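So the structure is just underneath, and the comments pick up after that.
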Amino acid sequence: MKTATHSKRGLHPKFIGNANFQRELNERVANYFERTGKPRRDCPQLYLKTAILLAAFAGLYVALVFFAQTWWQAIPLAVLLGFATAGIGLNIQHDGGHDAYSDRPWINKLAAMTLDLIGGSSYVWHYRHTVLHHTYVNITGHDSDVDLGVLARVTPHQKRYPIHRWQHCYMWPLYGLMAIRWQIFGDYLDVIKANVSGHPIPRPKGWDLAIFLGGKLTFLIIALGIPMMFHPWWVVLIFYATAAMVVGVTLSVVFQLSHIVEEAEFVAPTEANRIENAWAIHQVESTCDFVRRSRIAAWLLGGLNYQIEHHLFPRICHVHYPAMSKIVEQTCREFSVKYNEHRTFFAGLASHFRWLRQMGLPDRASAG
């Protein structure tokens, strides 16, 4: 684990390392597409997956709201609806938000707006995820996704509070609240403050504002309004919370296994506000793949178990990540760049658990 001395919040650091690794990697990936003739975007597999996921979401919603009569029918439907919702976010919205779904901007926009359908904000997500997280991954004060406030300390450059001694225990259920937070109030706060984790963002205007407000209203109607026409309000809230908790845990765990693990690097800028590494090498060494050999995991998670490949090539459709991972791993080996991987899902979970526990210990115990 590398350490550094300084981080200037709000003033983004510059990467100053040699870019030879990135140039070679870009060339090899370009050769792969030229050799195979496959399209980087507009992949039939993703269009088919989109139809399956949206149909599953609609079918489970209808079954839960209109046909479930008992708790033992409703609970599994709510859980499955949560997984289908997370699947939309991981597959459709994620590729759309990165312009990786299609060569046509309007298709990418529609795909990205599925996040508004499930209660988030494609506008806020762009700044929080695409701009801050993807550029400055695992850099404290710049990557908004590692900023959990006082709830958790996940990098060695964040302040430790006594409560963090037990974060490896209490954070797991709190992950379930992530979706509820951005569905109910988090996105509103970001827009009102025009700020994400200490970094200013422009307030939405025009169509962006209409999509933001219209998406929130549509979600509230789907999640709460329609169900309350047929069921008591407290029943609706219970099953809304159940589905939302499943979404939160699923999305959180995918992210945490990709970045908040023992193998990932957590660097901080120098006094000159620089990262003494090339951007592409930083992306690889601060990220971790998991379960690369599972086609089922790749299908369900939108290829985000190939997080290294995604961070290096976010504008390429995720269906190509399994093949690209072989190119990336070989290039890393030749350039002596550390390629992190957990072969099993449980190995990734264990690494995340140990890292949370280590970051919760007093500094002299967690500095190793």
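By convention here, the chains of the structure tokens are called A, B, ... in the order presented, each chain's residues are numbered starting at 1, and ligands are numbered starting at 1 in the order presented.
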Mind checking DSSP for range 84-264 of chain A and telling me the strand (DSSP E) residues as a list in words?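 Here are the strand (DSSP E) residues of range 84-264 of chain A: Asn195, Val196, His199 and Pro200 of chain A.
Residues surrounding Gly360 in chain A within 10 Å are Ala152, Arg153, Val154, Thr155, Pro156, Arg160, Tyr161, Pro162, Ile163, His164, Arg165, Trp166, Gln167, His168, Arg354, Trp355, Ala365 and Ser366 of chain A [only C-alpha atoms; sequence separation below 5 positions excluded].
Ranking A:Thr242, A:Gln93, A:Gln307, A:Thr70 by their shortest atom-to-atom distance to Leu54 in chain A, with only C-alpha atoms included, puts A:Gln93 first.
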Looking at only C-alpha atoms, which of A:Ile226, A:Leu257, A:Ala55, A:Val319 is the one that sits closest to Trp299 in chain A?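 The shortest atom-to-atom distance to Trp299 in chain A comes from A:Val319.
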Hey, what does DSSP flag as helix (DSSP H, G or I) within range 54-172 of chain A? Can you give it to me as a PyMOL selection string? chain A and resi 54-67+71-97+105-112+114-117+122-135+144-146+149-151+162-172
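Distance annotation: of A:Val191, A:Lys109, A:Lys159, A:Asn20, the residue with the minimal separation from Tyr127 in chain A is A:Val191; atom set is only C-alpha atoms.
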Might you pull out every residue within 8 Å of Ile308 in chain A, with only C-alpha atoms counted and same-chain residues fewer than 4 positions away left off, and present them as a VMD selection string? chain A and resid 283 to 284 287 to 289 312
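The interatomic distance for the pair CA of His142 in chain A and CA of Lys205 in chain A works out to 24.9 Å.
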